[in-house]
Amino acid sequence: MKRVLLKLSGEALAGDKKTGFDEATVIAVGKQVKQLVDQGTEVGIVIGGGNFWRGRTSENMDRTKADQIGMLATVMNCLYCSEIFRSVGLKTAILTPFECGSFTKLFSKDRANKYFSKNMVVFFAGGTGHPFFSTDTATVLRAVEIEAEVILLAKAIDGVYDSDPKTNPNAVRYDEITISEVIDKQLAVVDLTASIMCMEQKMPMYVFALAEENSIVKAISGDFHGTKVLV
């Protein structure tokens, strides 16, 4: 694949600690991304903020302010991962939809393409820059904008199931499913806004477990273990 958008779960990056960062996990992710870049694949990355804060974490404050805290959590995640990725030999850049001083650059498609042309991994931090939109929606938005071929959805779970495998031991995992089926069955792979955008823009997703060894590389190498959400 020429260009992919990788969505990383904040919780997955926290490892067993469930909060903050697990450096060994992030190093392992960086090494996998380097394999993709070395073989000629351009990689954009969105990271959730759940290892620090989600907009819906607090019911006692204004939702707009709560979401802004969540956006800053994703910026912290991207700053951290960017530096770890550099330590394994990658070149990186971080783009945000709002000013962050000298920490990041403002997002534009032209700027992203310039960085991709220099073999840089591009982090898209700060969500959409607006409240009430999740990092799921930001992921699909950026994937469509940069004309990615697929969204790689690295989660704490190894695919899409017909029910919650945490509560139903008989839950069945799909190998393939369409995005319209995901919406109709309310399977919550990503939130509804992101799902509808995927359907309208014909953006496929590969859903898999980040914890599986070499799972990111396998996702585009033909040795995929997860669910392909097709359009």
# chains A, B, ... in the order shown; residues from 1 in each chain; ligands from 1
$ closest_atom_pairs --of "stretch 5-33 of chain A" --to "stretch 109-133 of chain A" --cutoff "12 Å" --atoms "only C-alpha atoms" --output "JSON lines"
{"residue": "A:Leu5", "atom": "CA", "partner": "A:Val122", "partner_atom": "CA", "distance": 9.4}
{"residue": "A:Leu6", "atom": "CA", "partner": "A:Phe123", "partner_atom": "CA", "distance": 9.4}
{"residue": "A:Lys7", "atom": "CA", "partner": "A:Phe124", "partner_atom": "CA", "distance": 9.9}
{"residue": "A:Leu8", "atom": "CA", "partner": "A:Phe123", "partner_atom": "CA", "distance": 10.8}
{"residue": "A:Gly30", "atom": "CA", "partner": "A:Val121", "partner_atom": "CA", "distance": 10.1}
{"residue": "A:Val33", "atom": "CA", "partner": "A:Val121", "partner_atom": "CA", "distance": 8.4}
$ write_last_selection --atoms "all heavy atoms" --output "mmCIF file, in the first residue's frame"
data_model
loop_
_atom_site.group_PDB
_atom_site.id
_atom_site.type_symbol
_atom_site.label_atom_id
_atom_site.label_comp_id
_atom_site.auth_asym_id
_atom_site.auth_seq_id
_atom_site.Cartn_x
_atom_site.Cartn_y
_atom_site.Cartn_z
ATOM 1 N N LEU A 5 -3.488 5.199 7.083
ATOM 2 C CA LEU A 5 -3.711 5.988 8.303
ATOM 3 C C LEU A 5 -3.865 4.997 9.451
ATOM 4 O O LEU A 5 -4.793 4.194 9.464
ATOM 5 C CB LEU A 5 -4.958 6.856 8.155
ATOM 6 C CG LEU A 5 -5.209 8.018 9.149
ATOM 7 C CD1 LEU A 5 -5.513 7.522 10.550
ATOM 8 C CD2 LEU A 5 -4.045 8.983 9.183
ATOM 9 N N LEU A 6 -2.941 5.050 10.394
ATOM 10 C CA LEU A 6 -2.949 4.160 11.551
ATOM 11 C C LEU A 6 -3.591 4.864 12.739
ATOM 12 O O LEU A 6 -3.144 5.937 13.139
ATOM 13 C CB LEU A 6 -1.515 3.744 11.887
ATOM 14 C CG LEU A 6 -1.290 2.954 13.182
ATOM 15 C CD1 LEU A 6 -1.984 1.596 13.126
ATOM 16 C CD2 LEU A 6 0.216 2.777 13.427
ATOM 17 N N LYS A 7 -4.649 4.252 13.294
ATOM 18 C CA LYS A 7 -5.281 4.794 14.510
ATOM 19 C C LYS A 7 -4.857 3.930 15.684
ATOM 20 O O LYS A 7 -5.083 2.716 15.693
ATOM 21 C CB LYS A 7 -6.805 4.784 14.374
ATOM 22 C CG LYS A 7 -7.576 5.012 15.691
ATOM 23 C CD LYS A 7 -7.404 6.415 16.245
ATOM 24 C CE LYS A 7 -8.008 6.573 17.629
ATOM 25 N NZ LYS A 7 -9.436 6.319 17.746
ATOM 26 N N LEU A 8 -4.217 4.555 16.654
ATOM 27 C CA LEU A 8 -3.761 3.856 17.848
ATOM 28 C C LEU A 8 -4.634 4.229 19.034
ATOM 29 O O LEU A 8 -4.924 5.410 19.253
ATOM 30 C CB LEU A 8 -2.306 4.212 18.150
ATOM 31 C CG LEU A 8 -1.274 3.794 17.102
ATOM 32 C CD1 LEU A 8 0.077 4.437 17.419
ATOM 33 C CD2 LEU A 8 -1.138 2.280 17.068
ATOM 34 N N GLY A 30 6.734 1.618 17.133
ATOM 35 C CA GLY A 30 7.643 2.388 16.296
ATOM 36 C C GLY A 30 8.451 1.512 15.359
ATOM 37 O O GLY A 30 8.644 1.841 14.178
ATOM 38 N N VAL A 33 6.213 0.398 12.528
ATOM 39 C CA VAL A 33 5.973 1.497 11.583
ATOM 40 C C VAL A 33 7.215 1.711 10.718
ATOM 41 O O VAL A 33 7.106 1.977 9.511
ATOM 42 C CB VAL A 33 5.585 2.790 12.332
ATOM 43 C CG1 VAL A 33 5.547 3.979 11.381
ATOM 44 C CG2 VAL A 33 4.215 2.613 13.005
#
$ residues_around --residues "A:Pro204" --least-positions-apart "6" --cutoff "9 Å" --atoms "only C-alpha atoms" --output "NGL selection string"
:A and (149-152 or 178-179 or 198 or 228-231)
$ write_last_selection --atoms "C-alpha atoms" --output "mmCIF file, in the first residue's frame"
data_model
loop_
_atom_site.group_PDB
_atom_site.id
_atom_site.type_symbol
_atom_site.label_atom_id
_atom_site.label_comp_id
_atom_site.auth_asym_id
_atom_site.auth_seq_id
_atom_site.Cartn_x
_atom_site.Cartn_y
_atom_site.Cartn_z
ATOM 1 C CA GLU A 149 -5.944 3.600 1.015
ATOM 2 C CA VAL A 150 -7.123 2.157 4.323
ATOM 3 C CA ILE A 151 -7.479 2.920 8.017
ATOM 4 C CA LEU A 152 -5.549 0.515 10.250
ATOM 5 C CA THR A 178 -19.428 -4.057 5.432
ATOM 6 C CA ILE A 179 -19.600 -0.640 7.033
ATOM 7 C CA CYS A 198 -16.493 5.893 6.077
ATOM 8 C CA LYS A 228 -11.811 -6.127 7.382
ATOM 9 C CA VAL A 229 -14.580 -3.513 7.359
ATOM 10 C CA LEU A 230 -15.290 -3.024 3.680
ATOM 11 C CA VAL A 231 -17.377 -0.506 1.750
#
$ closest_residue --among "A:Val43, A:Val160, A:Met1, A:Val182" --to "A:Ala209" --atoms "only C-alpha atoms"
A:Val160
$ closest_residue --among "A:Cys100, A:Thr57, A:Leu192, A:Thr92" --to "A:Ile69" --atoms "only C-alpha atoms"
A:Thr57
$ closest_residue --among "A:Leu95, A:Leu13, A:Leu79, A:Ile196" --to "A:Ala28" --atoms "only C-alpha atoms"
A:Leu13
$ residues_around --residues "A:Val207" --least-positions-apart "5" --cutoff "6 Å" --atoms "only C-alpha atoms" --output "ChimeraX atom specification"
/A:153,159,226-227
$ write_last_selection --atoms "C-alpha atoms" --output "PDB file, in the first residue's frame"
ATOM      1  CA  LEU A 153      -7.480   0.423  13.523  1.00  0.00           C
ATOM      2  CA  GLY A 159     -11.513  -7.423  15.557  1.00  0.00           C
ATOM      3  CA  GLY A 226      -8.671  -9.293  12.497  1.00  0.00           C
ATOM      4  CA  THR A 227     -11.722  -7.906  10.720  1.00  0.00           C
TER       5      THR A 227
END
$ select_by_dssp --residues "stretch 46-137 of chain A" --states "helix (DSSP H, G or I)" --output "PyMOL selection string"
chain A and resi 55-57+63-87+109-117+135-137
$ closest_residue --among "A:Ser108, A:Pro169, A:Arg54, A:Thr137" --to "A:Ser195" --atoms "only C-alpha atoms"
A:Thr137
$ closest_residue --among "A:Leu106, A:Ala156, A:Val26, A:Ile146" --to "A:Ser87" --atoms "only C-alpha atoms"
A:Val26
$ closest_residue --among "A:Lys31, A:Asp191, A:Asp38, A:Glu23" --to "A:Thr139" --atoms "only C-alpha atoms"
A:Asp191
$ residues_around --residues "A:Gln32" --least-positions-apart "2" --cutoff "8 Å" --atoms "only C-alpha atoms" --output "JSON, numbers by chain"
{"A": [28, 29, 30, 34, 35, 36, 214, 216, 217]}
$ write_last_selection --atoms "N, CA, C and O atoms" --output "short mmCIF file (atom, residue, chain, number, x, y, z; two decimals), in the first residue's frame"
data_model
loop_
_atom_site.label_atom_id
_atom_site.label_comp_id
_atom_site.auth_asym_id
_atom_site.auth_seq_id
_atom_site.Cartn_x
_atom_site.Cartn_y
_atom_site.Cartn_z
N ALA A 28 7.88 -0.90 20.39
CA ALA A 28 7.49 -1.99 19.49
C ALA A 28 6.64 -1.48 18.33
O ALA A 28 6.81 -1.90 17.18
N VAL A 29 5.73 -0.55 18.62
CA VAL A 29 4.92 0.06 17.56
C VAL A 29 5.81 0.83 16.59
O VAL A 29 5.67 0.73 15.37
N GLY A 30 6.73 1.62 17.13
CA GLY A 30 7.64 2.39 16.30
C GLY A 30 8.45 1.51 15.36
O GLY A 30 8.64 1.84 14.18
N LYS A 34 8.39 1.56 11.31
CA LYS A 34 9.62 1.71 10.53
C LYS A 34 9.70 0.66 9.42
O LYS A 34 10.16 0.96 8.31
N GLN A 35 9.23 -0.55 9.70
CA GLN A 35 9.21 -1.58 8.66
C GLN A 35 8.34 -1.15 7.48
O GLN A 35 8.70 -1.34 6.32
N LEU A 36 7.19 -0.56 7.80
CA LEU A 36 6.29 -0.09 6.74
C LEU A 36 6.95 1.02 5.92
O LEU A 36 6.91 1.01 4.69
N ASN A 214 3.68 -8.10 15.90
CA ASN A 214 3.85 -7.60 14.54
C ASN A 214 2.51 -7.36 13.83
O ASN A 214 2.41 -7.44 12.60
N ILE A 216 0.70 -4.69 13.16
CA ILE A 216 0.58 -3.58 12.20
C ILE A 216 1.16 -3.98 10.85
O ILE A 216 0.56 -3.73 9.80
N VAL A 217 2.32 -4.62 10.88
CA VAL A 217 2.94 -5.08 9.63
C VAL A 217 2.06 -6.14 8.97
O VAL A 217 1.83 -6.13 7.76
#
$ atom_distance --atom1 "atom CA of A:Val140" --atom2 "atom CA of A:Ala154"
14.0 Å
$ atom_distance --atom1 "atom CA of A:Met205" --atom2 "atom CA of A:Lys91"
25.3 Å
$ select_by_dssp --residues "stretch 7-212 of chain A" --states "strand (DSSP E or B)" --output "NGL selection string"
:A and (7-8 or 42-47 or 91-96 or 100 or 102 or 105-106 or 120-124 or 150-155 or 160-161 or 173-174 or 176-178 or 205-209)
$ atom_distance --atom1 "atom CA of A:Arg173" --atom2 "atom CA of A:Ser221"
20.6 Å
